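Data file: entry08.txt. Format and content: compact mmCIF, C-alpha atoms.
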```
# COMPACT_ATOMS: atom_id res chain seq x y z
CA MET U 1 145.32 81.53 129.86
CA LYS U 2 144.23 80.36 133.30
CA TYR U 3 144.10 84.00 134.46
CA CYS U 4 141.74 84.83 131.60
CA LEU U 5 139.54 81.84 132.38
CA ALA U 6 139.36 82.92 136.03
CA SER U 7 138.45 86.41 134.91
CA LEU U 8 135.83 85.18 132.44
CA PHE U 9 134.33 82.99 135.16
CA ALA U 10 134.23 85.89 137.62
CA GLY U 11 132.57 88.15 135.04
CA LEU U 12 129.99 85.50 134.21
CA ILE U 13 129.10 84.82 137.86
CA PHE U 14 128.97 88.57 138.50
CA GLY U 15 126.54 89.00 135.59
CA LEU U 16 124.37 86.07 136.68
CA GLY U 17 124.23 87.56 140.18
CA LEU U 18 123.08 90.89 138.76
CA ILE U 19 120.34 89.16 136.73
CA LEU U 20 119.18 86.93 139.61
CA SER U 21 119.04 89.86 142.01
CA GLY U 22 117.08 91.99 139.55
CA MET U 23 119.85 94.58 139.40
CA ALA U 24 120.30 94.16 135.63
CA ASN U 25 116.83 95.73 135.43
CA PRO U 26 117.07 99.55 135.64
CA GLU U 27 113.41 99.83 136.64
CA LYS U 28 114.11 97.77 139.78
CA VAL U 29 117.18 99.86 140.65
CA LEU U 30 115.08 103.03 140.27
CA GLY U 31 112.53 101.41 142.59
CA PHE U 32 115.26 101.44 145.24
CA LEU U 33 116.35 105.01 144.52
CA ASP U 34 112.76 106.26 144.69
CA ILE U 35 112.25 106.55 148.47
CA ALA U 36 109.39 109.03 148.06
CA GLY U 37 107.36 106.59 145.97
CA LEU U 38 106.68 102.93 146.75
CA TRP U 39 110.13 101.82 147.90
CA ASP U 40 111.76 98.53 146.86
CA PRO U 41 114.60 97.78 149.34
CA SER U 42 115.98 94.87 147.24
CA LEU U 43 119.21 96.68 146.25
CA ALA U 44 120.22 96.93 149.91
CA PHE U 45 119.90 93.13 150.20
CA VAL U 46 122.06 92.65 147.11
CA MET U 47 124.79 94.82 148.59
CA GLY U 48 124.40 93.10 151.95
CA GLY U 49 124.81 89.64 150.42
CA ALA U 50 127.78 90.71 148.32
CA ILE U 51 129.54 92.45 151.20
CA LEU U 52 129.02 89.45 153.48
CA VAL U 53 131.04 87.29 151.07
CA GLY U 54 133.40 90.17 150.30
CA LEU U 55 134.35 90.64 153.97
CA VAL U 56 135.56 87.02 154.11
CA ALA U 57 137.38 87.30 150.77
CA PHE U 58 139.27 90.46 151.74
CA ALA U 59 140.11 89.02 155.16
CA ILE U 60 141.76 86.08 153.34
CA ALA U 61 143.41 88.37 150.78
CA ARG U 62 144.94 90.59 153.45
CA ARG U 63 146.89 87.62 154.85
CA ARG U 64 148.44 86.85 151.50
CA THR U 65 150.70 88.65 149.06
CA LEU U 66 150.07 86.27 146.16
CA SER U 67 146.72 85.07 144.82
CA PHE U 68 145.91 81.35 144.59
CA LEU U 69 147.07 81.47 140.96
CA GLY U 70 150.31 83.15 142.03
CA LEU U 71 149.65 86.75 140.99
CA ASN U 72 150.33 89.80 143.15
CA ILE U 73 147.22 90.87 145.05
CA LYS U 74 146.54 94.49 144.14
CA ILE U 75 144.45 96.21 146.78
CA PRO U 76 144.12 100.01 146.48
CA SER U 77 146.41 101.82 148.93
CA ASN U 78 145.06 105.34 148.48
CA THR U 79 143.27 106.46 151.66
CA HIS U 80 143.02 110.15 150.80
CA ILE U 81 139.48 111.50 150.64
CA ASP U 82 139.62 114.37 148.18
CA LYS U 83 137.45 116.55 145.98
CA ARG U 84 137.92 114.27 142.94
CA LEU U 85 136.53 111.28 144.81
CA VAL U 86 133.50 113.16 146.12
CA MET U 87 132.71 115.23 143.01
CA GLY U 88 133.18 112.21 140.75
CA SER U 89 130.92 110.02 142.89
CA LEU U 90 128.25 112.76 143.12
CA THR U 91 128.34 113.04 139.30
CA PHE U 92 128.08 109.27 138.89
CA GLY U 93 125.04 109.22 141.19
CA VAL U 94 123.19 111.75 139.03
CA GLY U 95 123.75 109.61 135.93
CA TRP U 96 122.74 106.49 137.87
CA GLY U 97 119.50 108.17 138.96
CA ILE U 98 118.63 109.36 135.45
CA ALA U 99 118.56 105.92 133.79
CA GLY U 100 118.91 103.39 136.64
CA PHE U 101 122.08 101.99 135.06
CA CYS U 102 125.50 101.71 136.64
CA PRO U 103 128.40 100.15 134.65
CA GLY U 104 127.88 96.43 135.42
CA PRO U 105 124.15 96.23 134.73
CA GLY U 106 124.63 98.38 131.61
CA ILE U 107 127.08 95.85 130.18
CA VAL U 108 124.88 92.87 131.15
CA ALA U 109 121.82 94.47 129.52
CA LEU U 110 123.93 95.11 126.43
CA GLY U 111 124.74 91.39 126.41
CA ALA U 112 121.00 90.71 126.45
CA GLY U 113 120.77 92.59 123.16
CA GLU U 114 119.04 95.72 124.48
CA VAL U 115 119.61 98.58 122.02
CA LYS U 116 119.03 101.17 124.75
CA ALA U 117 121.74 99.53 126.88
CA ALA U 118 124.11 99.75 123.90
CA VAL U 119 123.45 103.50 123.72
CA PHE U 120 124.07 103.83 127.46
CA VAL U 121 127.32 101.81 127.36
CA ALA U 122 128.62 103.70 124.29
CA SER U 123 127.93 107.01 126.06
CA MET U 124 129.59 105.71 129.23
CA VAL U 125 132.73 104.72 127.30
CA ALA U 126 132.66 108.17 125.66
CA GLY U 127 132.47 109.71 129.15
CA MET U 128 135.48 107.65 130.23
CA ALA U 129 137.36 108.77 127.10
CA ILE U 130 136.55 112.42 127.90
CA PHE U 131 138.04 111.86 131.35
CA GLU U 132 141.24 110.42 129.82
CA LEU U 133 141.53 113.37 127.40
CA ILE U 134 141.09 115.93 130.19
CA GLU U 135 143.64 114.12 132.35
CA ARG U 136 146.14 113.93 129.48
CA ASN U 137 145.85 117.65 128.77
CA ARG U 138 146.22 118.44 132.45
CA ALA U 139 149.36 116.33 132.63
CA LYS U 140 150.83 118.28 129.70
CA ALA U 141 149.97 121.69 131.15
CA MET R 1 107.05 107.84 156.02
CA ILE R 2 108.60 105.35 153.66
CA GLU R 3 106.12 102.96 152.08
CA ILE R 4 107.53 99.60 151.05
CA ALA R 5 106.59 98.25 147.62
CA TRP R 6 105.85 94.75 148.95
CA SER R 7 104.80 93.44 145.54
CA ASN R 8 108.17 94.37 143.99
CA PHE R 9 110.40 93.57 146.96
CA THR R 10 112.38 90.35 146.36
CA PRO R 11 114.57 89.83 149.43
CA TRP R 12 115.59 86.21 148.74
CA SER R 13 116.59 86.53 145.10
CA ALA R 14 118.26 89.85 145.96
CA LEU R 15 120.28 88.22 148.72
CA ALA R 16 121.14 85.16 146.60
CA GLY R 17 122.13 87.36 143.65
CA GLY R 18 124.20 89.53 145.99
CA ILE R 19 126.01 86.44 147.27
CA LEU R 20 126.82 85.49 143.65
CA VAL R 21 128.18 89.00 143.06
CA GLY R 22 130.28 88.62 146.21
CA LEU R 23 131.56 85.21 145.07
CA ALA R 24 132.50 86.70 141.70
CA ALA R 25 134.41 89.53 143.39
CA ALA R 26 136.05 86.98 145.71
CA SER R 27 137.11 84.83 142.73
CA LEU R 28 138.71 87.73 140.88
CA LEU R 29 140.48 88.85 144.05
CA LEU R 30 141.70 85.47 145.28
CA LEU R 31 142.55 83.99 141.86
CA ASN R 32 143.82 87.01 139.93
CA GLY R 33 144.54 89.44 142.75
CA ARG R 34 142.35 92.13 141.23
CA ILE R 35 139.44 94.23 142.47
CA ALA R 36 136.13 93.61 140.68
CA GLY R 37 135.39 97.25 139.99
CA ILE R 38 133.64 97.36 136.66
CA SER R 39 134.24 101.02 135.79
CA GLY R 40 137.95 100.50 136.52
CA ILE R 41 138.16 97.26 134.53
CA LEU R 42 136.48 98.89 131.51
CA GLY R 43 138.21 102.26 131.89
CA GLY R 44 141.62 100.59 132.03
CA LEU R 45 141.09 99.42 128.46
CA LEU R 46 141.14 103.02 127.22
CA THR R 47 144.79 103.42 128.24
CA PRO R 48 145.91 99.84 127.69
CA LEU R 49 149.12 98.61 129.32
CA LYS R 50 150.96 95.58 128.03
CA GLY R 51 149.93 92.39 129.86
CA ASP R 52 147.00 94.16 131.48
CA ILE R 53 144.42 93.81 128.73
CA ALA R 54 143.29 90.20 128.36
CA TRP R 55 141.91 89.70 131.88
CA ARG R 56 139.86 92.89 131.53
CA VAL R 57 138.40 91.80 128.19
CA ALA R 58 137.68 88.32 129.59
CA PHE R 59 135.81 89.75 132.59
CA ILE R 60 133.67 91.97 130.37
CA LEU R 61 132.98 89.05 128.01
CA GLY R 62 131.76 87.12 131.06
CA LEU R 63 129.34 89.93 131.92
CA LEU R 64 128.13 90.08 128.31
CA ALA R 65 127.63 86.30 128.20
CA ALA R 66 125.58 86.18 131.42
CA PRO R 67 122.17 86.80 129.77
CA ALA R 68 122.76 83.97 127.26
CA VAL R 69 123.76 81.58 130.06
CA TRP R 70 120.74 82.72 132.08
CA LEU R 71 118.51 81.67 129.17
CA LEU R 72 119.51 78.06 129.88
CA SER R 73 117.36 78.31 133.01
CA GLY R 74 114.38 78.73 130.68
CA ASP R 75 113.65 82.36 131.60
CA LYS R 76 114.54 85.58 129.85
CA PRO R 77 116.26 88.10 132.13
CA THR R 78 113.87 90.89 133.14
CA ILE R 79 115.21 94.18 131.78
CA GLU R 80 112.94 97.21 131.64
CA ILE R 81 114.51 100.40 130.35
CA ASN R 82 112.08 103.30 130.46
CA ALA R 83 114.58 106.15 129.96
CA GLY R 84 114.53 107.73 126.51
CA TYR R 85 117.58 108.00 124.25
CA PRO R 86 118.60 111.57 125.21
CA ALA R 87 118.39 110.59 128.90
CA LEU R 88 120.43 107.43 128.29
CA ILE R 89 123.15 109.42 126.53
CA ILE R 90 123.36 112.02 129.31
CA ALA R 91 123.26 109.27 131.97
CA GLY R 92 126.03 107.33 130.21
CA LEU R 93 128.29 110.37 129.92
CA LEU R 94 127.79 111.28 133.61
CA VAL R 95 128.38 107.68 134.74
CA GLY R 96 131.52 107.43 132.57
CA VAL R 97 133.11 110.70 133.69
CA GLY R 98 131.92 110.40 137.29
CA THR R 99 133.12 106.85 137.93
CA ARG R 100 136.59 107.63 136.54
CA TYR R 101 137.01 110.80 138.59
CA GLY R 102 135.60 109.04 141.63
CA SER R 103 137.78 105.96 140.97
CA GLY R 104 134.91 103.51 141.15
CA CYS R 105 131.24 102.64 140.93
CA THR R 106 128.71 100.45 142.71
CA SER R 107 130.97 97.40 142.38
CA GLY R 108 134.42 98.87 143.11
CA HIS R 109 133.38 101.17 145.94
CA GLY R 110 129.96 99.80 146.92
CA VAL R 111 130.81 96.10 147.06
CA CYS R 112 134.61 95.70 147.14
CA GLY R 113 135.42 98.94 148.94
CA LEU R 114 132.89 98.45 151.71
CA SER R 115 134.01 94.80 152.02
CA ARG R 116 137.52 95.94 152.84
CA LEU R 117 136.16 98.67 155.15
CA SER R 118 137.70 101.50 153.14
CA PRO R 119 136.69 104.96 154.40
CA ARG R 120 137.28 106.32 150.88
CA SER R 121 134.78 103.87 149.43
CA LEU R 122 132.27 104.62 152.17
CA VAL R 123 132.42 108.33 151.30
CA ALA R 124 132.11 107.51 147.58
CA THR R 125 129.15 105.17 148.15
CA LEU R 126 127.30 107.67 150.35
CA SER R 127 127.95 110.35 147.72
CA PHE R 128 126.59 108.46 144.72
CA MET R 129 123.68 107.08 146.73
CA ALA R 130 122.78 110.63 147.83
CA THR R 131 122.71 112.10 144.33
CA GLY R 132 121.00 108.93 143.04
CA PHE R 133 118.15 109.41 145.54
CA ILE R 134 117.96 113.16 144.86
CA THR R 135 117.96 112.71 141.08
CA VAL R 136 115.13 110.17 141.14
CA PHE R 137 113.18 112.37 143.56
CA VAL R 138 113.50 115.38 141.27
CA ILE R 139 112.60 113.42 138.12
CA ARG R 140 109.63 111.59 139.62
CA HIS R 141 108.21 113.90 142.26
CA VAL R 142 109.04 117.51 141.48
CA PRO R 143 106.23 118.92 139.33
CA GLY R 144 107.30 120.39 136.04
CA VAL R 145 110.55 118.39 135.67
```

Could you rewrite the structure in this file as structure tokens?
Amino acid sequence: MKYCLASLFAGLIFGLGLILSGMANPEKVLGFLDIAGLWDPSLAFVMGGAILVGLVAFAIARRRTLSFLGLNIKIPSNTHIDKRLVMGSLTFGVGWGIAGFCPGPGIVALGAGEVKAAVFVASMVAGMAIFELIERNRAKA
Amino acid sequence: MIEIAWSNFTPWSALAGGILVGLAAASLLLLNGRIAGISGILGGLLTPLKGDIAWRVAFILGLLAAPAVWLLSGDKPTIEINAGYPALIIAGLLVGVGTRYGSGCTSGHGVCGLSRLSPRSLVATLSFMATGFITVFVIRHVPGV
């Protein structure tokens, strides 16, 4: 129960941060991605602020094996830079540029009752399901 | 030359919001030991493992509840979606497939990955930023598209 409350709290604060920073608004995100038009650098400040806190958090996490609630700390151990990582990220960027939505802001905008965000999130989940199906078939082959 | 959109640029709220995002990622990491990567948290629900479901659902419920909580401040969140439905569907599919193949999105690679100085996440972030910039350039500035 306490793990779920911690998770709910983290999700809520994350969402509030996205709204406060303007990142739940696809038009503002596109304003950052449009360097040839009038450029809005705000997104860089959001990442800067988040990473500043994140650096401290990961420095603390690295010195521990258990979280403050006693769970194992799971930090990715894969360091291999491969085609899947690059091709997947390039593909994600195209989708991000088309609508100005990445996963977090899409879900927050859905929570605000935006029908268009619901369409985006449903398509995103479908995309994730397609990935799982392809992976499952590959594992069988 | 890059021209700054001074009337849209909101450095202070961007920084403050970013700090909140960082605090959220720090909470999930230091309390539950997990990385706040939203594509991974959501994607993990498609192949659910026992004991690994509730925290994911709770995190997503938190994200969904944020606009309602924000309303308590007296303002409605600003959300402008100008893409049409076909574009939103294509964008969603590409974001879904791409983030799973690339093992992360703006939060998992961009925020958490860069915070732990992961070279993999740096490559991922530069990759999706590059195609994000190119895509917007093509859509907005290439005549006939």

Using only C-alpha atoms for the distances, tell me which of U:Ala126, U:Met47, U:Gly11, U:Lys2 is nearest to Gly62 in chain R. U:Gly11

Can you report as AutoDock Vina command-line options the centre and edge lengths in Å, to one decimal, of an axis-aligned box around the listed atoms of range 84-91 of chain U padded with 6 Å on each side?
```
--center_x 133.1 --center_y 112.6 --center_z 142.7 --size_x 21.7 --size_y 17.2 --size_z 18.8
```

Excluding Thr99 in chain R and residues on its chain fewer than 3 positions from it, collect all residues at most 8 Å away from it, counting only C-alpha atoms, and give them as a VMD selection string. (chain U and resid 88 to 89 91 to 92) or (chain R and resid 39 95 to 96 102 to 105)

With distances taken over all atoms listed in the file, the candidate from R:Ala91, R:Ala36, R:Ile79, R:Leu23 nearest Pro76 in chain U is R:Ala36

Restricting the calculation to only C-alpha atoms: of R:Ser121, R:Ser107, R:Ser127, R:Asn32, which residue gets closest to Gly15 in chain U?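 Closest to Gly15 in chain U of all the choices is R:Ser107.
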
Between CA of Gly108 in chain R and CA of Glu132 in chain U lies a distance of 18.9 Å

Skip range 26-42 of chain U itself and residues of its chain fewer than 4 positions away, then list as a ChimeraX atom specification all residues within 9 Å of it, counting all atoms listed in the file. /U:21-22,46-47,96-102,105-106 /R:1-15,79-82,129,132-137,140-141

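If you look at CA of Ile73 in chain U and CA of Leu29 in chain R, they are 7.1 Å away from each other.
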
Best match for closeness to Ile130 in chain U among R:Gly98, R:Gly22, R:Pro67, R:Gly33, counting all atoms listed in the file: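 Among the listed residues, the smallest separation from Ile130 in chain U belongs to R:Gly98.
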